[in-house]
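A.B. asks: Once you've had a glance at the structure underneath, I'll fire off some questions.
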Amino acid sequence: MGRVFVVELEGKSYKCRFCKTHLALVQDLVSRGIHCRREEAYVFKGVVNVFVGSAKDNTNLSRTVTEIFCCCCGQMVGWKFEAAPRKHREGLFLLEWGRIIEFEESVNNHEVDAESSLDSLEMSEAEDP
């Protein structure tokens, strides 16, 4: 298969819930609250560290989507619009909310989970000599 090169994103980003690989920047977020088959999804104009699966036609909605997978752990993280009746959606990516986590910018070379408090980070820095 070859060597996998992972792109590290700078700034506030979304990561794979399973292996914490960077997937998208907050600046690339187009929309929240899109409801898909399983759960809520976020729409992005660009993602990294994914590979694309085979295309699936949905004749009821006359669109073509491809599943996208995390390049590190192989988990399905969302879809890419290949063809859609609304042309502005083509090329956009949907990441399922339950399969991604939001991270804040690096603070003193420590990544901070947006859901955790900064108190634990401050305590660990105080213990360092």
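By order of appearance in the structure tokens: chains A, B, ..., then residues from 1 within every chain, and ligands from 1 in the order shown.
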Taking only residues of segment 33-59 of chain A that have an atom at most 9 Å from an atom of segment 90-96 of chain A, what is each one's shortest atom pair and its distance in Å to one decimal, using only C-alpha atoms, in chain and number order, as a Markdown table?
C.D. replies:
```
| residue | atom | partner | partner_atom | distance |
| --- | --- | --- | --- | --- |
| A:Ile34 | CA | A:Leu94 | CA | 8.6 |
| A:Cys36 | CA | A:Glu96 | CA | 8.3 |
| A:Arg38 | CA | A:Glu96 | CA | 8.4 |
| A:Glu39 | CA | A:Glu96 | CA | 6.8 |
| A:Glu40 | CA | A:Glu96 | CA | 6.2 |
| A:Ala41 | CA | A:Glu96 | CA | 4.3 |
| A:Tyr42 | CA | A:Leu95 | CA | 5.3 |
| A:Val43 | CA | A:Leu94 | CA | 4.5 |
| A:Phe44 | CA | A:Phe93 | CA | 5.1 |
| A:Lys45 | CA | A:Leu92 | CA | 5.0 |
| A:Gly46 | CA | A:Phe93 | CA | 6.8 |
| A:Val47 | CA | A:Phe93 | CA | 7.2 |
```
A.B. asks: Write out, as a tab-separated table (two decimals), in the first residue's frame, the residues just selected, with N, CA, C and O atoms.
C.D. replies:
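The new file out_20.tsv reads:
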```tsv
chain	number	residue	atom	x	y	z
A	34	ILE	N	-26.60	19.48	9.49
A	34	ILE	CA	-27.16	18.74	8.37
A	34	ILE	C	-27.51	17.35	8.88
A	34	ILE	O	-26.69	16.69	9.52
A	36	CYS	N	-28.20	13.52	8.26
A	36	CYS	CA	-27.97	12.48	7.27
A	36	CYS	C	-28.57	11.17	7.76
A	36	CYS	O	-29.33	11.17	8.72
A	38	ARG	N	-27.56	8.53	9.50
A	38	ARG	CA	-27.35	8.06	10.87
A	38	ARG	C	-27.46	9.15	11.91
A	38	ARG	O	-27.98	8.92	13.00
A	39	GLU	N	-26.93	10.31	11.63
A	39	GLU	CA	-26.86	11.36	12.64
A	39	GLU	C	-26.57	12.71	11.99
A	39	GLU	O	-26.52	12.83	10.78
A	40	GLU	N	-26.34	13.69	12.82
A	40	GLU	CA	-26.00	15.03	12.34
A	40	GLU	C	-24.63	15.02	11.70
A	40	GLU	O	-23.75	14.25	12.08
A	41	ALA	N	-24.44	15.91	10.72
A	41	ALA	CA	-23.15	16.01	10.04
A	41	ALA	C	-22.79	17.48	9.85
A	41	ALA	O	-23.65	18.35	9.86
A	42	TYR	N	-21.50	17.74	9.70
A	42	TYR	CA	-20.99	19.07	9.41
A	42	TYR	C	-20.48	19.07	7.97
A	42	TYR	O	-19.90	18.09	7.52
A	43	VAL	N	-20.67	20.18	7.28
A	43	VAL	CA	-20.23	20.30	5.88
A	43	VAL	C	-18.97	21.15	5.84
A	43	VAL	O	-18.92	22.23	6.42
A	44	PHE	N	-17.95	20.66	5.13
A	44	PHE	CA	-16.66	21.34	5.00
A	44	PHE	C	-16.33	21.52	3.52
A	44	PHE	O	-16.68	20.69	2.70
A	45	LYS	N	-15.60	22.60	3.22
A	45	LYS	CA	-15.16	22.81	1.84
A	45	LYS	C	-13.83	22.11	1.55
A	45	LYS	O	-13.44	21.99	0.40
A	46	GLY	N	-13.14	21.65	2.58
A	46	GLY	CA	-11.88	20.93	2.39
A	46	GLY	C	-11.56	20.06	3.59
A	46	GLY	O	-11.82	20.46	4.72
A	47	VAL	N	-11.03	18.88	3.34
A	47	VAL	CA	-10.57	17.98	4.40
A	47	VAL	C	-9.22	17.40	3.99
A	47	VAL	O	-8.85	17.43	2.81
```
A.B. asks: Point out the residue among A:Ala55, A:Leu25, A:Val48, A:Cys16 with the least atom-to-atom distance to Val77 of chain A, counting only C-alpha atoms.
C.D. replies: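 Among A:Ala55, A:Leu25, A:Val48, A:Cys16, it is A:Cys16 that comes nearest to Val77 of chain A.
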A.B. asks: Taking the DSSP secondary structure from the backbone, can you list the residues of segment 9-89 of chain A that are strand (DSSP E or B), as a ChimeraX atom specification?
C.D. replies: /A:13-16,22-25,29-35,40-44,50-58,63-70,76-83
A.B. asks: So that I have them on file, write out the residues from the current selection with N, CA and C atoms, as a compact mmCIF listing (two decimals), in the first residue's frame.
C.D. replies:
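After the write, part_6.txt holds the following:
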```txt
# COMPACT_ATOMS: atom_id res chain seq x y z
N SER A 13 -9.12 22.77 14.98
CA SER A 13 -9.43 21.80 13.95
C SER A 13 -10.36 20.70 14.45
N TYR A 14 -10.83 19.91 13.53
CA TYR A 14 -11.61 18.71 13.82
C TYR A 14 -10.73 17.50 13.54
N LYS A 15 -10.85 16.48 14.41
CA LYS A 15 -10.02 15.28 14.28
C LYS A 15 -10.89 14.03 14.28
N CYS A 16 -10.30 12.95 13.81
CA CYS A 16 -10.96 11.65 13.84
C CYS A 16 -11.15 11.24 15.31
N HIS A 22 -5.80 14.69 12.30
CA HIS A 22 -6.41 15.94 11.82
C HIS A 22 -7.22 15.67 10.56
N LEU A 23 -8.44 16.27 10.49
CA LEU A 23 -9.28 16.10 9.32
C LEU A 23 -9.65 17.42 8.64
N ALA A 24 -9.97 18.45 9.43
CA ALA A 24 -10.42 19.71 8.82
C ALA A 24 -10.21 20.87 9.78
N LEU A 25 -10.06 22.06 9.21
CA LEU A 25 -9.96 23.28 9.99
C LEU A 25 -11.34 23.89 10.22
N LEU A 29 -15.32 25.08 7.72
CA LEU A 29 -16.68 24.67 8.04
C LEU A 29 -17.68 25.53 7.28
N VAL A 30 -18.56 24.90 6.53
CA VAL A 30 -19.56 25.60 5.73
C VAL A 30 -20.90 25.62 6.46
N SER A 31 -21.27 24.48 7.07
CA SER A 31 -22.58 24.38 7.70
C SER A 31 -22.57 23.31 8.79
N ARG A 32 -23.39 23.54 9.81
CA ARG A 32 -23.61 22.55 10.87
C ARG A 32 -25.07 22.13 10.83
N GLY A 33 -25.36 21.03 11.47
CA GLY A 33 -26.75 20.63 11.64
C GLY A 33 -27.39 19.98 10.44
N ILE A 34 -26.60 19.48 9.49
CA ILE A 34 -27.16 18.74 8.37
C ILE A 34 -27.51 17.35 8.88
N HIS A 35 -28.72 16.90 8.64
CA HIS A 35 -29.13 15.57 9.10
C HIS A 35 -28.95 14.57 7.97
N GLU A 40 -26.34 13.69 12.82
CA GLU A 40 -26.00 15.03 12.34
C GLU A 40 -24.63 15.02 11.70
N ALA A 41 -24.44 15.91 10.72
CA ALA A 41 -23.15 16.01 10.04
C ALA A 41 -22.79 17.48 9.85
N TYR A 42 -21.50 17.74 9.70
CA TYR A 42 -20.99 19.07 9.41
C TYR A 42 -20.48 19.07 7.97
N VAL A 43 -20.67 20.18 7.28
CA VAL A 43 -20.23 20.30 5.88
C VAL A 43 -18.97 21.15 5.84
N PHE A 44 -17.95 20.66 5.13
CA PHE A 44 -16.66 21.34 5.00
C PHE A 44 -16.33 21.52 3.52
N VAL A 50 -7.75 11.85 4.41
CA VAL A 50 -8.83 10.91 4.12
C VAL A 50 -8.56 10.27 2.77
N PHE A 51 -9.18 9.10 2.54
CA PHE A 51 -9.19 8.52 1.21
C PHE A 51 -10.63 8.24 0.84
N VAL A 52 -10.88 8.25 -0.45
CA VAL A 52 -12.24 8.18 -0.97
C VAL A 52 -12.57 6.76 -1.39
N GLY A 53 -13.77 6.31 -1.02
CA GLY A 53 -14.24 4.98 -1.42
C GLY A 53 -14.92 5.03 -2.77
N SER A 54 -15.69 4.01 -3.06
CA SER A 54 -16.38 3.95 -4.35
C SER A 54 -17.62 4.83 -4.35
N ALA A 55 -18.01 5.30 -5.52
CA ALA A 55 -19.16 6.19 -5.66
C ALA A 55 -20.46 5.40 -5.51
N LYS A 56 -21.45 6.06 -4.88
CA LYS A 56 -22.77 5.46 -4.72
C LYS A 56 -23.80 6.43 -5.26
N ASP A 57 -24.61 5.95 -6.21
CA ASP A 57 -25.67 6.77 -6.77
C ASP A 57 -26.92 6.63 -5.91
N ASN A 58 -27.55 7.74 -5.61
CA ASN A 58 -28.82 7.74 -4.91
C ASN A 58 -29.86 8.25 -5.89
N ARG A 63 -28.30 12.17 -6.77
CA ARG A 63 -26.97 12.67 -6.43
C ARG A 63 -26.01 11.49 -6.31
N THR A 64 -24.73 11.77 -6.43
CA THR A 64 -23.70 10.76 -6.28
C THR A 64 -22.78 11.19 -5.14
N VAL A 65 -22.60 10.29 -4.17
CA VAL A 65 -21.70 10.55 -3.05
C VAL A 65 -20.70 9.41 -2.95
N THR A 66 -19.54 9.72 -2.35
CA THR A 66 -18.55 8.70 -2.06
C THR A 66 -18.26 8.74 -0.57
N GLU A 67 -18.09 7.58 0.02
CA GLU A 67 -17.72 7.53 1.43
C GLU A 67 -16.27 7.96 1.55
N ILE A 68 -15.94 8.67 2.66
CA ILE A 68 -14.55 9.03 2.91
C ILE A 68 -14.11 8.37 4.22
N PHE A 69 -12.87 7.94 4.24
CA PHE A 69 -12.32 7.18 5.35
C PHE A 69 -11.07 7.85 5.89
N CYS A 70 -10.84 7.76 7.20
CA CYS A 70 -9.61 8.26 7.81
C CYS A 70 -8.43 7.47 7.25
N MET A 76 -14.81 4.94 8.57
CA MET A 76 -15.60 5.83 7.73
C MET A 76 -15.95 7.06 8.56
N VAL A 77 -15.63 8.25 8.04
CA VAL A 77 -15.88 9.49 8.77
C VAL A 77 -16.92 10.38 8.10
N GLY A 78 -17.31 10.06 6.86
CA GLY A 78 -18.32 10.88 6.19
C GLY A 78 -18.41 10.59 4.71
N TRP A 79 -18.83 11.63 3.95
CA TRP A 79 -19.05 11.52 2.51
C TRP A 79 -18.53 12.73 1.78
N LYS A 80 -18.35 12.55 0.47
CA LYS A 80 -18.02 13.65 -0.42
C LYS A 80 -19.09 13.69 -1.51
N PHE A 81 -19.61 14.88 -1.79
CA PHE A 81 -20.56 15.05 -2.88
C PHE A 81 -19.80 15.07 -4.20
N GLU A 82 -20.04 14.09 -5.05
CA GLU A 82 -19.42 14.05 -6.38
C GLU A 82 -20.31 14.76 -7.39
N ALA A 83 -21.60 14.47 -7.36
CA ALA A 83 -22.57 15.11 -8.25
C ALA A 83 -23.84 15.33 -7.46
```
